[in-house]
Amino acid sequence: MPTKENVYSCTQCEKRYLSQSGLCSHMNIHAGKYKCTKCGRCCSSRQYLARHMQSHSRGKPFQCTVCSKRFTASGHLVQHSRIHSDSSHLHRHMRVHTGDKPYKCSLCNKCFSTSNSLQRHKGHVHSNSRPYDCPYCGKLFSTDPALRRHVRIHTGEKPYSCKHCSERFTRCEQLKTHLLKSHNEGTWLTCNICQKKFSHSGQLKRHLLQHRGVKPYVCDKCPNRFYTVSDWKSHQFVHISYRQFCCGLCGKDFKRKHQMVCDFKRCSNKLGFTEST
């Protein structure tokens with residue numbers, strides 16, 4: 001630790017330094033030894049003066065794209081940009097607590113907390129691009145994960161197994177519900193209005209929409225409105241005659257997926273298949 005004996009103090013401004021060289025460098029400021037001829041600013045060394053003079057010769061070429069403030073060095077701009085990025089991250093995080101959703105879909109009026117969420121919604125719900133087709137029934141899907149989930153209806157695959165018992169499930173949500181109900185593992189999600197409990201967030205979100213009376217999804221063929229995308233999609237079968245769901249065991253076609261699933265189970269039981277098949 002430095003002592004009073006080895007601390008060097010400036011006699012003009014009382015700044016203190018741990019070395020004599022540091023004090024001498026500082027004293028150049030008061031002496032005006034390295035003085036800018038353009039603005040009169042004094043620098044402690046030739047290097048600092050040369051760096052300072054660059055600000056007069058080249059101006060401020062580095063401009064912030066958010067607020068248009070300009071800087072003489074790229075490092076200064078990088079440091080300044082953190083003000084905007086930190087503020088943006090904070091605003092996005094606060095929406096978790098406030099529930100604010102400033103981004104609205106122009107097609108169905110559903111609102112989202114971030115622009116990325118809005119873009120994903122448009123791509124999945126409103127996009128006509130469905131490049132993934134089911135090899136069993138020909139149904140088209142916009143994403144590969146959606147196709148893989150659908151194929152399990154035909155194959156009977158149940159990749160999600162309970163670690164406490166022999167039960168297996170087609171979807172992760174089904175396993176989560178089973179763990180909560182049968183083994184008391186996990187955390188129930190509770191509605192803050194009526195205290196009803198749900199096993200996963202999708203159920204709770206749908207339930208909260210019913211409390212608010214909000215039905216953001218509108219059928220373009222009739223006046224019906226719906227709480228969720230899945231309800232809206234299910235309703236569309238009322239207006240079409242095409243039967244896109246096919247039982248992989250008997251070949252019978254259905255309009256709705258749940259009808260095909262029920263038929264698949266009946267066929268499985270007739271053929272003597274077990275639940276794990």
# chains A, B, ... in the order shown; residues from 1 in each chain; ligands from 1
>>> residues_around(residues="A:Gln236", least_positions_apart="6", cutoff="10 Å", atoms="only C-alpha atoms", output="PyMOL selection string")
chain A and resi 219-222+255
>>> write_last_selection(atoms="N, CA and C atoms", output="CSV table (one decimal), in the first residue's frame")
chain,number,residue,atom,x,y,z
A,219,CYS,N,-62.5,-16.3,-39.3
A,219,CYS,CA,-62.7,-17.1,-40.6
A,219,CYS,C,-63.0,-16.1,-41.7
A,220,ASP,N,-62.3,-16.3,-42.9
A,220,ASP,CA,-62.5,-15.5,-44.0
A,220,ASP,C,-63.7,-15.9,-44.9
A,221,LYS,N,-64.4,-17.0,-44.4
A,221,LYS,CA,-65.5,-17.5,-45.2
A,221,LYS,C,-66.8,-17.3,-44.5
A,222,CYS,N,-66.8,-17.0,-43.2
A,222,CYS,CA,-68.0,-16.8,-42.4
A,222,CYS,C,-67.6,-15.9,-41.2
A,255,LYS,N,-62.0,-36.0,-42.5
A,255,LYS,CA,-61.7,-34.5,-42.6
A,255,LYS,C,-60.9,-34.1,-41.4
>>> select_by_dssp(residues="stretch 209-252 of chain A", states="helix (DSSP H, G or I)", output="CSV table (one decimal) with C-alpha atoms, in the first residue's frame")
chain,number,residue,atom,x,y,z
A,209,LEU,CA,-58.0,-15.5,-23.8
A,210,GLN,CA,-61.4,-16.8,-22.8
A,211,HIS,CA,-61.3,-14.6,-19.6
A,212,ARG,CA,-60.7,-11.6,-21.8
A,229,VAL,CA,-54.9,-21.0,-34.4
A,230,SER,CA,-55.7,-24.7,-33.8
A,231,ASP,CA,-59.5,-23.8,-33.4
A,232,TRP,CA,-59.4,-21.7,-36.5
A,233,LYS,CA,-57.7,-24.4,-38.5
A,234,SER,CA,-60.1,-27.0,-37.3
A,235,HIS,CA,-63.1,-24.8,-38.3
A,236,GLN,CA,-61.8,-24.6,-41.9
A,237,PHE,CA,-62.8,-28.2,-42.5
A,238,VAL,CA,-66.4,-27.1,-42.4
A,239,HIS,CA,-66.0,-25.2,-45.6
>>> residues_around(residues="A:Cys134", least_positions_apart="2", cutoff="10 Å", atoms="only C-alpha atoms", output="list in words")
Tyr132, Tyr136, Cys137, Gly138, Lys139, Leu140, Phe141, Leu147, Arg148, His150, Val151 and His154 of chain A
>>> residues_around(residues="A:Arg70", least_positions_apart="4", cutoff="8 Å", atoms="only C-alpha atoms", output="list in words")
Lys60, Pro61, Phe62, Gln63, Cys64 and Leu77 of chain A
>>> residues_around(residues="A:Arg256", least_positions_apart="2", cutoff="8 Å", atoms="only C-alpha atoms", output="PyMOL selection string")
chain A and resi 234+237+243-245+254+258-260
>>> write_last_selection(atoms="N, CA and C atoms", output="PDB file, in the first residue's frame")
ATOM      1  N   SER A 234     -59.153 -25.963 -37.371  1.00  0.00           N
ATOM      2  CA  SER A 234     -60.145 -27.040 -37.288  1.00  0.00           C
ATOM      3  C   SER A 234     -61.470 -26.626 -37.926  1.00  0.00           C
ATOM      4  N   PHE A 237     -62.321 -26.964 -41.914  1.00  0.00           N
ATOM      5  CA  PHE A 237     -62.813 -28.197 -42.528  1.00  0.00           C
ATOM      6  C   PHE A 237     -64.321 -28.144 -42.794  1.00  0.00           C
ATOM      7  N   ARG A 243     -60.889 -34.677 -47.752  1.00  0.00           N
ATOM      8  CA  ARG A 243     -60.566 -35.465 -46.568  1.00  0.00           C
ATOM      9  C   ARG A 243     -59.069 -35.767 -46.589  1.00  0.00           C
ATOM     10  N   GLN A 244     -58.319 -34.994 -45.785  1.00  0.00           N
ATOM     11  CA  GLN A 244     -56.854 -35.078 -45.877  1.00  0.00           C
ATOM     12  C   GLN A 244     -56.215 -36.040 -44.884  1.00  0.00           C
ATOM     13  N   PHE A 245     -56.994 -36.572 -43.925  1.00  0.00           N
ATOM     14  CA  PHE A 245     -56.426 -37.480 -42.937  1.00  0.00           C
ATOM     15  C   PHE A 245     -56.795 -38.923 -43.284  1.00  0.00           C
ATOM     16  N   PHE A 254     -60.551 -39.111 -43.590  1.00  0.00           N
ATOM     17  CA  PHE A 254     -61.329 -38.289 -42.653  1.00  0.00           C
ATOM     18  C   PHE A 254     -61.013 -36.812 -42.866  1.00  0.00           C
ATOM     19  N   HIS A 258     -58.634 -35.823 -35.334  1.00  0.00           N
ATOM     20  CA  HIS A 258     -59.040 -36.636 -34.181  1.00  0.00           C
ATOM     21  C   HIS A 258     -59.930 -37.798 -34.613  1.00  0.00           C
ATOM     22  N   GLN A 259     -60.672 -37.617 -35.721  1.00  0.00           N
ATOM     23  CA  GLN A 259     -61.487 -38.719 -36.230  1.00  0.00           C
ATOM     24  C   GLN A 259     -60.603 -39.847 -36.745  1.00  0.00           C
ATOM     25  N   MET A 260     -59.550 -39.470 -37.433  1.00  0.00           N
ATOM     26  CA  MET A 260     -58.614 -40.468 -37.943  1.00  0.00           C
ATOM     27  C   MET A 260     -57.881 -41.175 -36.810  1.00  0.00           C
TER      28      MET A 260
END
>>> closest_residue(among="A:Ser19, A:Lys205, A:Cys247, A:Thr170", to="A:Asp263", atoms="only C-alpha atoms")
A:Cys247
>>> residues_around(residues="A:Tyr217", least_positions_apart="3", cutoff="6 Å", atoms="only C-alpha atoms", output="list of chain:residue names")
A:Cys108, A:Arg225, A:Phe226
>>> residues_around(residues="A:Arg46", least_positions_apart="3", cutoff="7 Å", atoms="only C-alpha atoms", output="list in words")
Tyr34, Leu49 and Ala50 of chain A
>>> select_by_dssp(residues="stretch 178-253 of chain A", states="strand (DSSP E or B)", output="MDAnalysis selection string")
chainID A and resid 189:190 197:198 217:218 225:226 245:246 253
>>> atom_distance(atom1="atom CA of A:Ser161", atom2="atom CA of A:Gly186")
15.5 Å
